[in-house]
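This is final13.txt. It holds compact mmCIF, C-alpha atoms.
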```txt
# COMPACT_ATOMS: atom_id res chain seq x y z
CA MET O 19 0.62 54.04 20.81
CA ALA O 20 -0.56 56.69 18.40
CA ALA O 21 -1.72 60.02 19.67
CA THR O 22 -5.29 60.04 20.93
CA SER O 23 -7.90 61.46 18.68
CA SER O 24 -8.92 65.06 18.92
CA LEU O 25 -12.51 63.94 18.36
CA THR O 26 -13.38 64.19 22.03
CA ALA O 27 -15.63 67.19 21.97
CA GLY O 28 -19.06 66.83 23.57
CA PRO O 29 -21.25 66.84 20.44
CA LEU O 30 -19.05 64.34 18.61
CA ALA O 31 -18.68 62.06 21.60
CA ALA O 32 -22.39 62.21 22.26
CA GLY O 33 -23.17 61.34 18.63
CA TYR O 34 -20.86 58.32 18.47
CA GLN O 35 -22.80 55.03 18.27
CA GLY O 36 -20.04 52.52 17.51
CA PRO O 37 -18.39 49.90 19.72
CA PRO O 38 -16.52 50.97 22.87
CA GLU O 39 -12.81 51.73 22.95
CA LEU O 40 -10.67 48.86 21.73
CA THR O 41 -8.59 47.49 24.61
CA ALA O 42 -6.34 44.46 25.03
CA ALA O 43 -9.17 42.61 26.75
CA ARG O 44 -11.67 43.40 23.99
CA VAL O 45 -9.28 41.98 21.39
CA PHE O 46 -10.14 38.56 22.83
CA THR O 47 -13.71 39.12 23.98
CA SER O 48 -15.27 41.16 21.15
CA TRP O 49 -17.14 38.98 18.65
CA THR O 50 -19.91 39.54 16.15
CA LEU O 51 -22.06 37.21 14.05
CA ASP O 52 -21.80 37.43 10.28
CA LEU O 53 -24.48 34.98 9.17
CA PRO O 54 -23.54 34.72 5.45
CA VAL O 55 -19.91 34.04 6.32
CA LEU O 56 -20.90 31.52 8.99
CA LEU O 57 -23.07 29.63 6.51
CA VAL O 58 -20.25 29.53 3.97
CA VAL O 59 -17.80 28.29 6.60
CA LEU O 60 -20.15 25.54 7.80
CA LEU O 61 -20.99 24.44 4.26
CA ALA O 62 -17.39 24.41 3.06
CA GLY O 63 -16.18 22.69 6.22
CA GLY O 64 -18.91 20.06 6.05
CA LEU O 65 -18.30 19.25 2.38
CA TYR O 66 -14.55 19.04 2.90
CA LEU O 67 -14.93 16.68 5.88
CA ALA O 68 -17.39 14.50 3.97
CA GLY O 69 -14.92 14.25 1.09
CA VAL O 70 -12.04 13.31 3.39
CA ARG O 71 -14.11 10.58 5.06
CA LYS O 72 -15.19 9.16 1.71
CA LEU O 73 -11.61 9.10 0.48
CA ARG O 74 -10.30 7.42 3.63
CA ARG O 75 -13.06 4.82 3.56
CA ALA O 76 -11.87 3.95 0.08
CA GLY O 77 -8.41 3.30 1.51
CA GLN O 78 -6.78 6.46 0.17
CA PRO O 79 -4.77 8.60 2.60
CA TRP O 80 -5.44 12.27 3.23
CA PRO O 81 -2.70 13.82 5.43
CA ALA O 82 -3.75 15.66 8.58
CA ALA O 83 -1.62 18.63 7.53
CA ARG O 84 -4.09 19.39 4.75
CA LEU O 85 -6.95 19.35 7.25
CA TRP O 86 -5.11 21.80 9.48
CA CYS O 87 -4.40 24.09 6.55
CA PHE O 88 -7.99 24.09 5.31
CA TYR O 89 -9.80 24.37 8.64
CA LEU O 90 -7.48 26.43 10.83
CA GLY O 91 -5.52 28.34 8.21
CA GLY O 92 -8.31 28.86 5.69
CA LEU O 93 -11.72 28.80 7.36
CA GLY O 94 -10.29 29.82 10.73
CA THR O 95 -8.69 32.92 9.27
CA LEU O 96 -11.94 33.80 7.52
CA VAL O 97 -13.82 33.60 10.82
CA ILE O 98 -11.24 35.69 12.64
CA ALA O 99 -11.15 38.32 9.90
CA THR O 100 -14.92 38.80 9.82
CA MET O 101 -16.33 37.86 13.22
CA SER O 102 -13.63 38.51 15.83
CA PHE O 103 -12.71 41.99 17.06
CA LEU O 104 -11.59 42.67 13.48
CA GLY O 105 -15.18 42.31 12.34
CA VAL O 106 -16.47 44.35 15.27
CA TYR O 107 -14.14 47.30 14.65
CA GLN O 108 -13.72 47.10 10.87
CA ASP O 109 -16.09 50.04 10.30
CA VAL O 110 -14.53 52.15 13.06
CA LEU O 111 -10.74 51.89 12.72
CA PHE O 112 -8.89 52.18 9.42
CA TYR O 113 -5.98 50.01 10.52
CA ILE O 114 -8.34 47.22 11.57
CA ARG O 115 -9.79 47.19 8.07
CA SER O 116 -6.22 47.03 6.69
CA VAL O 117 -5.39 43.94 8.76
CA GLN O 118 -8.67 42.37 7.67
CA THR O 119 -7.85 43.06 4.03
CA ILE O 120 -4.53 41.22 4.23
CA LEU O 121 -6.11 38.24 5.98
CA LEU O 122 -8.84 37.95 3.35
CA LEU O 123 -6.68 38.70 0.32
CA LEU O 124 -3.60 36.64 1.19
CA VAL O 125 -3.69 34.54 4.37
CA ALA O 126 -7.02 32.71 4.09
CA PRO O 127 -6.58 31.93 0.35
CA LEU O 128 -3.01 30.69 0.88
CA PHE O 129 -3.96 28.10 3.49
CA THR O 130 -7.16 27.16 1.69
CA ALA O 131 -5.13 26.34 -1.42
CA LEU O 132 -2.69 24.27 0.68
CA GLY O 133 -5.68 22.21 1.83
CA ARG O 134 -6.06 20.94 -1.79
CA PRO O 135 -9.83 21.32 -2.08
CA LEU O 136 -9.87 20.77 -5.86
CA THR O 137 -7.97 17.50 -5.59
CA LEU O 138 -10.44 16.33 -2.96
CA ALA O 139 -13.46 17.37 -5.02
CA ILE O 140 -12.23 15.71 -8.21
CA ALA O 141 -11.42 12.49 -6.35
CA THR O 142 -14.70 12.20 -4.42
CA LEU O 143 -17.43 13.71 -6.61
CA SER O 144 -18.35 10.94 -9.04
CA ARG O 145 -20.38 13.15 -11.37
CA LEU O 146 -19.01 16.64 -10.88
CA GLY O 147 -15.40 15.55 -10.43
CA PRO O 148 -14.66 14.80 -14.10
CA ARG O 149 -16.45 17.98 -15.18
CA LEU O 150 -14.47 20.01 -12.68
CA ASP O 151 -11.24 18.47 -13.93
CA ALA O 152 -12.18 19.29 -17.51
CA LEU O 153 -13.01 22.86 -16.52
CA VAL O 154 -9.67 23.26 -14.76
CA HIS O 155 -7.81 22.16 -17.89
CA SER O 156 -9.96 24.14 -20.31
CA ARG O 157 -8.60 26.85 -22.57
CA THR O 158 -10.65 29.50 -20.74
CA ALA O 159 -9.08 28.51 -17.42
CA ARG O 160 -5.59 28.67 -18.93
CA LEU O 161 -6.29 32.16 -20.20
CA LEU O 162 -7.78 33.46 -16.95
CA THR O 163 -4.92 32.02 -14.88
CA PHE O 164 -2.13 33.47 -17.02
CA PRO O 165 0.44 34.76 -14.48
CA ALA O 166 0.28 38.38 -15.58
CA ILE O 167 -3.53 38.41 -15.26
CA THR O 168 -3.72 36.79 -11.82
CA THR O 169 -0.97 39.03 -10.43
CA VAL O 170 -2.46 42.24 -11.80
CA VAL O 171 -5.90 41.37 -10.41
CA LEU O 172 -4.42 40.55 -7.01
CA VAL O 173 -2.65 43.90 -6.87
CA VAL O 174 -5.36 46.05 -8.46
CA VAL O 175 -8.35 44.90 -6.39
CA PRO O 176 -7.15 46.41 -3.07
CA PHE O 177 -6.08 49.58 -4.89
CA VAL O 178 -9.58 50.02 -6.29
CA LEU O 179 -11.07 49.20 -2.90
CA TYR O 180 -9.12 51.87 -1.03
CA PHE O 181 -9.09 54.61 -3.65
CA SER O 182 -12.68 54.57 -4.81
CA PRO O 183 -16.16 54.98 -3.26
CA TRP O 184 -16.20 51.21 -2.88
CA TYR O 185 -14.39 51.49 0.47
CA THR O 186 -17.02 53.72 2.05
CA ALA O 187 -19.87 51.75 0.51
CA SER O 188 -18.53 48.51 2.03
CA MET O 189 -18.89 50.05 5.50
CA GLN O 190 -22.37 51.39 4.92
CA ASN O 191 -24.06 48.49 3.13
CA ALA O 192 -24.06 44.89 4.42
CA THR O 193 -24.48 43.35 0.96
CA ILE O 194 -21.54 45.29 -0.45
CA ARG O 195 -19.50 44.27 2.59
CA GLU O 196 -20.11 40.56 1.93
CA LEU O 197 -19.34 40.99 -1.77
CA THR O 198 -16.13 42.77 -0.79
CA TYR O 199 -15.08 39.73 1.21
CA LEU O 200 -15.63 37.60 -1.88
CA ALA O 201 -13.81 40.08 -4.12
CA LEU O 202 -10.74 39.78 -1.88
CA LEU O 203 -10.84 36.02 -1.35
CA ALA O 204 -11.32 34.99 -4.99
CA PRO O 205 -8.23 36.55 -6.62
CA GLY O 206 -6.09 35.48 -3.67
CA PHE O 207 -7.18 31.86 -3.99
CA VAL O 208 -6.67 31.80 -7.78
CA PHE O 209 -3.20 33.31 -7.35
CA PHE O 210 -1.98 30.79 -4.78
CA TRP O 211 -3.75 27.83 -6.40
CA THR O 212 -2.03 28.55 -9.72
CA PHE O 213 1.50 28.91 -8.40
CA LEU O 214 1.57 26.42 -5.53
CA ARG O 215 0.51 23.64 -7.95
CA VAL O 216 -0.59 21.31 -5.17
CA ASP O 217 -3.98 20.99 -6.88
CA PRO O 218 -4.56 20.33 -10.60
CA VAL O 219 -3.93 23.58 -12.48
CA PRO O 220 -4.70 24.70 -16.04
CA LYS O 221 -0.98 24.98 -16.83
CA GLU O 222 2.10 24.23 -14.75
CA TYR O 223 4.33 27.25 -15.05
CA PRO O 224 7.98 26.91 -13.99
CA TYR O 225 8.68 27.74 -10.37
CA LEU O 226 10.98 30.51 -11.54
CA VAL O 227 7.90 32.25 -12.92
CA GLY O 228 6.23 31.84 -9.54
CA LEU O 229 9.19 33.44 -7.81
CA TRP O 230 9.09 36.43 -10.16
CA VAL O 231 5.36 36.75 -9.63
CA SER O 232 5.85 36.58 -5.87
CA ALA O 233 8.31 39.45 -6.14
CA GLY O 234 5.74 41.42 -8.10
CA GLU O 235 3.09 40.76 -5.46
CA VAL O 236 5.46 41.94 -2.71
CA VAL O 237 6.18 45.12 -4.65
CA GLY O 238 2.46 45.64 -5.15
CA ASP O 239 1.80 45.38 -1.42
CA ALA O 240 4.57 47.87 -0.74
CA VAL O 241 3.23 50.32 -3.31
CA LEU O 242 -0.29 50.07 -1.88
CA GLY O 243 0.96 50.65 1.65
CA LEU O 244 3.07 53.60 0.57
CA ALA O 245 0.17 55.07 -1.39
CA VAL O 246 -2.03 54.93 1.70
CA LEU O 247 0.75 56.32 3.90
CA SER O 248 1.51 59.23 1.59
CA SER O 249 -2.07 60.10 0.70
CA GLN O 250 -2.69 63.74 1.62
CA ALA O 251 -6.43 63.20 1.75
CA LEU O 252 -8.12 61.02 4.31
CA ILE O 253 -9.52 57.88 2.74
CA ALA O 254 -13.26 57.83 3.50
CA GLY O 255 -12.65 61.02 5.46
CA ALA O 256 -16.26 62.17 5.37
CA TYR O 257 -17.41 58.81 6.74
CA TYR O 258 -14.91 58.78 9.60
CA HIS O 259 -15.58 62.43 10.51
CA ALA O 260 -19.31 61.71 10.64
CA LEU O 261 -18.65 58.64 12.77
CA GLY O 262 -17.16 60.85 15.47
CA ARG O 263 -15.07 58.20 17.21
CA PRO O 264 -14.03 59.77 20.58
CA TRP O 265 -11.20 57.35 21.41
CA GLY O 266 -8.13 55.79 19.82
CA PRO O 267 -5.72 57.27 17.28
CA SER O 268 -6.48 60.37 15.30
CA LEU O 269 -7.85 59.89 11.80
CA ARG O 270 -4.48 60.71 10.24
CA SER O 271 -2.56 58.41 12.60
CA ASP O 272 -5.12 55.68 12.03
CA GLN O 273 -4.55 55.84 8.27
CA VAL O 274 -0.77 55.86 8.68
CA ILE O 275 -0.92 52.74 10.87
CA GLY O 276 -3.21 51.11 8.33
CA GLY O 277 -0.85 51.87 5.46
CA GLY O 278 2.03 50.36 7.40
CA ALA O 279 -0.05 47.26 8.12
CA LEU O 280 -0.83 46.81 4.43
CA TRP O 281 2.84 47.10 3.57
CA VAL O 282 4.45 45.02 6.32
CA LEU O 283 1.83 42.30 6.73
CA GLY O 284 1.47 41.90 2.98
CA ASP O 285 5.20 41.30 2.64
CA LEU O 286 5.31 38.92 5.62
CA VAL O 287 2.64 36.70 4.05
CA GLY O 288 4.96 36.27 1.07
CA LEU O 289 7.41 34.33 3.24
CA PRO O 290 5.27 31.20 3.86
CA PHE O 291 4.21 31.34 0.20
CA LEU O 292 7.86 31.24 -0.92
CA ALA O 293 8.57 28.47 1.60
CA ALA O 294 5.66 26.42 0.26
CA GLN O 295 6.92 26.93 -3.29
CA PHE O 296 10.43 25.76 -2.39
CA ILE O 297 9.11 22.70 -0.57
CA GLN O 298 6.89 21.75 -3.48
CA MET O 299 9.74 22.31 -5.95
CA ILE O 300 12.05 20.03 -3.93
CA ARG O 301 9.37 17.35 -3.74
CA GLU O 302 8.76 17.43 -7.49
CA ASP O 303 12.50 17.34 -8.24
CA THR O 304 12.88 14.33 -5.93
CA ALA O 305 9.97 12.52 -7.57
CA GLU O 306 11.34 13.31 -11.05
CA ALA O 307 14.80 12.04 -10.09
CA ALA O 308 13.30 8.82 -8.73
CA ARG O 309 11.32 8.31 -11.93
CA VAL O 310 14.39 8.86 -14.13
CA ASP O 311 16.44 6.47 -11.98
CA ALA O 312 13.73 3.84 -12.34
CA GLU O 313 13.74 4.24 -16.12
CA LEU O 314 17.52 3.94 -16.23
CA ASP O 315 17.45 0.82 -14.07
CA MET O 316 14.84 -0.71 -16.35
CA ALA O 317 16.88 0.14 -19.45
CA ALA O 318 20.02 -1.31 -17.86
CA ALA O 319 18.16 -4.51 -16.99
CA GLU O 320 16.96 -4.91 -20.57
CA ALA O 321 20.40 -4.12 -22.07
CA PRO O 322 23.00 -4.84 -19.36
CA GLY O 323 26.02 -4.11 -21.56
CA THR O 324 26.96 -1.85 -24.43
CA ALA O 325 29.59 -4.09 -25.99
CA GLY O 326 27.13 -5.50 -28.45
CA GLU O 327 25.71 -2.21 -29.61
CA ALA O 328 25.64 -1.60 -33.29
CA PRO O 329 27.78 1.31 -34.49
CA GLY O 330 24.70 3.33 -35.26
CA ASP O 331 23.10 2.89 -31.81
CA GLN O 332 22.60 6.03 -29.73
CA PRO O 333 23.06 6.37 -25.99
CA TRP O 334 19.78 6.62 -24.07
CA TRP O 335 20.26 10.30 -23.29
CA GLU O 336 20.31 11.19 -26.97
CA LYS O 337 16.98 9.41 -27.45
CA ASP O 338 15.25 10.83 -24.38
CA PRO O 339 13.33 13.98 -25.50
CA ARG O 340 14.08 15.63 -22.15
CA PHE O 341 17.85 15.59 -22.81
CA ALA O 342 18.21 15.15 -26.56
CA ASP O 343 18.70 18.85 -27.25
CA ARG O 344 21.42 19.10 -24.62
CA PHE O 345 23.57 16.15 -25.70
CA ARG O 346 23.27 15.94 -29.47
CA ARG O 347 26.29 14.52 -31.22
CA ALA O 348 28.22 16.96 -33.32
CA GLN O 349 27.21 16.68 -36.93
```
How would this structure read if it were set down as structure tokens?
Amino acid sequence: MAATSSLTAGPLAAGYQGPPELTAARVFTSWTLDLPVLLVVLLAGGLYLAGVRKLRRAGQPWPAARLWCFYLGGLGTLVIATMSFLGVYQDVLFYIRSVQTILLLLVAPLFTALGRPLTLAIATLSRLGPRLDALVHSRTARLLTFPAITTVVLVVVPFVLYFSPWYTASMQNATIRELTYLALLAPGFVFFWTFLRVDPVPKEYPYLVGLWVSAGEVVGDAVLGLAVLSSQALIAGAYYHALGRPWGPSLRSDQVIGGGALWVLGDLVGLPFLAAQFIQMIREDTAEAARVDAELDMAAAEAPGTAGEAPGDQPWWEKDPRFADRFRRAQ
């Protein structure tokens, strides 16, 4: 446990108006209502469930794993990040805000993307579905989801948040706080949606690109955490001094813990992302192998032998555009 704060003098303690000291019990019992977030969660959850029911009534399967990812992993994480003890103490403890940032930037978007909301929307919305599909495959979408752009935005947004007046403003103004939630969720979702490729995407980049991008995101998290850890000035120092919290870690210790949380938790989230990429890559390779085998079987059925081939005939692999460049006959 970090050293207790020196902010225990009478005037400061008397002026403190925040929540009581965070204890193990209050981690489970402290909750707050964030009405805008609650409305978004109810609306998104209701629309998703309606889409799943419509799809299943039409005889099309929708695996339960996607429901778990969307509701528990996506919406559940959003609720925990904003309305549990994290929401109660986000304006009081720096490290609580750091944990909340990782949940909103990486965890909630990752599981929301695994729930395949775009696939569900395109399949169930008779009018908007085709328009949404066209928008996903538009030139503008391909440009905005270029790997370098999505990765830079994902890394830069938290940097700007922590090292600009935005951080203090998000604790003093409710509207800015809600917009901050959105500013963290949006780039995270675009990042994971683009590279997981479980939903329709503007362009399917090779998984090797996704692995390099994942490495860049991990490095970005580490750099952000180290920047917070090594900062000589207190981030939002004037705000925290004026708050006068009389319990918990000192302001310096609080920031150090928060920097470590940004670093370690950010890197840990990369592990399920890499696992999901590998699983998806194996599935696609298996499907591609099955398709190629089916084509070969069909070709063999149509031409069971090669004895009657004309001298000028080419083997199938020299005609297939996927392999022609690899197995060209020497000229």
Closest of O:Gly288, O:Gly36, O:Pro165, O:Gly94 to Glu222 in chain O - atom-to-atom distances counting only C-alpha atoms
O:Pro165
In Å, how far is it from CA of Arg195 in chain O to CA of Ala254 in chain O?
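Straight-line distance from CA of Arg195 in chain O to CA of Ala254 in chain O works out to 15.0 Å.
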Nearest candidate to Val110 in chain O (options O:Gln35, O:Ser248, O:Thr163, O:Thr304; using only C-alpha atoms):
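The answer is O:Gln35, which sits nearest to Val110 in chain O.
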Counting only C-alpha atoms, which residues come within 10 Å of (-2.7, 56.1, 7.3), with the point read in the file's coordinates, and could you list them as a PyMOL selection string?
chain O and resi 112-113+116+243-253+268-280
Which polymer residues have any atom within 12 Å of an atom of range 77-81 of chain O, counting all atoms listed in the file, with same-chain residues fewer than 5 positions away left out, as a ChimeraX atom specification?
/O:66-67,69-72,86-88,132-135,137-138,141-142
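A straight line drawn from CA of Gly91 in chain O to CA of Val175 in chain O is 22.3 Å long.
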Using all atoms listed in the file, which residues sit within 9 Å of Leu136 in chain O once same-chain residues fewer than 4 positions away are excluded, as a list in words?
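Counting only the stated atoms, we get Ala131, Ile140, Ala141, Gly147, Leu150, Asp151, Asp217 and Pro218 of chain O.
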Closest of O:Phe181, O:Phe296, O:Phe129, O:Phe46 to Gly255 in chain O - atom-to-atom distances counting all atoms listed in the file:
O:Phe181
Distance query range 233-240 of chain O at most 10 Å, only C-alpha atoms, self and fewer than 5 positions along chain excluded, as a compact mmCIF listing (two decimals) with C-alpha atoms, keeping the file's coordinate frame:
```txt
# COMPACT_ATOMS: atom_id res chain seq x y z
CA ILE O 120 -4.53 41.22 4.23
CA ALA O 166 0.28 38.38 -15.58
CA THR O 169 -0.97 39.03 -10.43
CA VAL O 170 -2.46 42.24 -11.80
CA LEU O 172 -4.42 40.55 -7.01
CA VAL O 173 -2.65 43.90 -6.87
CA VAL O 174 -5.36 46.05 -8.46
CA PRO O 176 -7.15 46.41 -3.07
CA PHE O 177 -6.08 49.58 -4.89
CA PHE O 209 -3.20 33.31 -7.35
CA VAL O 227 7.90 32.25 -12.92
CA GLY O 228 6.23 31.84 -9.54
CA ALA O 245 0.17 55.07 -1.39
CA VAL O 246 -2.03 54.93 1.70
CA GLY O 277 -0.85 51.87 5.46
CA GLY O 278 2.03 50.36 7.40
CA ALA O 279 -0.05 47.26 8.12
CA LEU O 280 -0.83 46.81 4.43
CA TRP O 281 2.84 47.10 3.57
CA VAL O 282 4.45 45.02 6.32
CA LEU O 283 1.83 42.30 6.73
CA GLY O 284 1.47 41.90 2.98
CA ASP O 285 5.20 41.30 2.64
CA LEU O 286 5.31 38.92 5.62
CA VAL O 287 2.64 36.70 4.05
CA GLY O 288 4.96 36.27 1.07
CA LEU O 289 7.41 34.33 3.24
CA LEU O 292 7.86 31.24 -0.92
```
Among the residues O:Tyr107, O:Ile194, O:Leu90, O:Ala99, the one that comes closest to Arg263 in chain O [using all atoms listed in the file]:
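With all atoms listed in the file as the atom set, the closest residue is O:Tyr107.
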What does the distance from CA of Leu93 in chain O to CA of Leu121 in chain O come to in Å, to one decimal?
11.1 Å
Please return the centre and edge lengths, in Å to one decimal, of a box with edges along x, y and z that contains all listed atoms of range 123-139 of chain O, widened by 4 Å on every side, as AutoDock Vina command-line options.
```
--center_x -8.1 --center_y 27.5 --center_z -0.7 --size_x 18.8 --size_y 30.4 --size_z 18.2
```
My list of candidates is O:Ile114, O:Leu197, O:Val231, O:Leu60. Which is closest to Ser102 in chain O when distances are computed with all atoms listed in the file?
O:Ile114
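If you measure from each of O:Gly33, O:Pro224, O:Gly92, O:Gly64 to Pro127 in chain O using all atoms listed in the file, the closest one turns out to be O:Gly92.
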Reconstruct N, CA and C atoms of range 219-233 of chain O from the incomplete input and present them as a compact mmCIF listing (two decimals), in the frame of the given file.
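Here's the written file out36.txt:
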```txt
# COMPACT_ATOMS: atom_id res chain seq x y z
N VAL O 219 -3.91 22.19 -11.99
CA VAL O 219 -3.93 23.58 -12.48
C VAL O 219 -4.06 23.57 -14.00
N PRO O 220 -4.57 24.65 -14.58
CA PRO O 220 -4.70 24.70 -16.04
C PRO O 220 -3.38 24.53 -16.76
N LYS O 221 -2.31 25.11 -16.22
CA LYS O 221 -0.98 24.98 -16.83
C LYS O 221 0.06 25.10 -15.73
N GLU O 222 1.05 24.21 -15.77
CA GLU O 222 2.10 24.23 -14.75
C GLU O 222 3.24 25.13 -15.23
N TYR O 223 3.26 26.33 -14.71
CA TYR O 223 4.33 27.25 -15.05
C TYR O 223 5.56 26.93 -14.22
N PRO O 224 6.76 27.18 -14.76
CA PRO O 224 7.98 26.91 -13.99
C PRO O 224 7.98 27.68 -12.67
N TYR O 225 8.64 27.09 -11.68
CA TYR O 225 8.68 27.74 -10.37
C TYR O 225 9.41 29.08 -10.43
N LEU O 226 10.30 29.23 -11.39
CA LEU O 226 10.98 30.51 -11.54
C LEU O 226 9.98 31.62 -11.85
N VAL O 227 8.96 31.28 -12.64
CA VAL O 227 7.90 32.25 -12.92
C VAL O 227 7.16 32.60 -11.64
N GLY O 228 6.89 31.59 -10.81
CA GLY O 228 6.23 31.84 -9.54
C GLY O 228 7.03 32.75 -8.64
N LEU O 229 8.35 32.59 -8.65
CA LEU O 229 9.19 33.44 -7.81
C LEU O 229 9.16 34.88 -8.30
N TRP O 230 9.18 35.07 -9.61
CA TRP O 230 9.09 36.43 -10.16
C TRP O 230 7.73 37.05 -9.83
N VAL O 231 6.69 36.26 -9.95
CA VAL O 231 5.36 36.75 -9.63
C VAL O 231 5.25 37.11 -8.16
N SER O 232 5.85 36.28 -7.30
CA SER O 232 5.85 36.58 -5.87
C SER O 232 6.53 37.91 -5.60
N ALA O 233 7.63 38.16 -6.29
CA ALA O 233 8.31 39.45 -6.14
C ALA O 233 7.41 40.60 -6.57
```
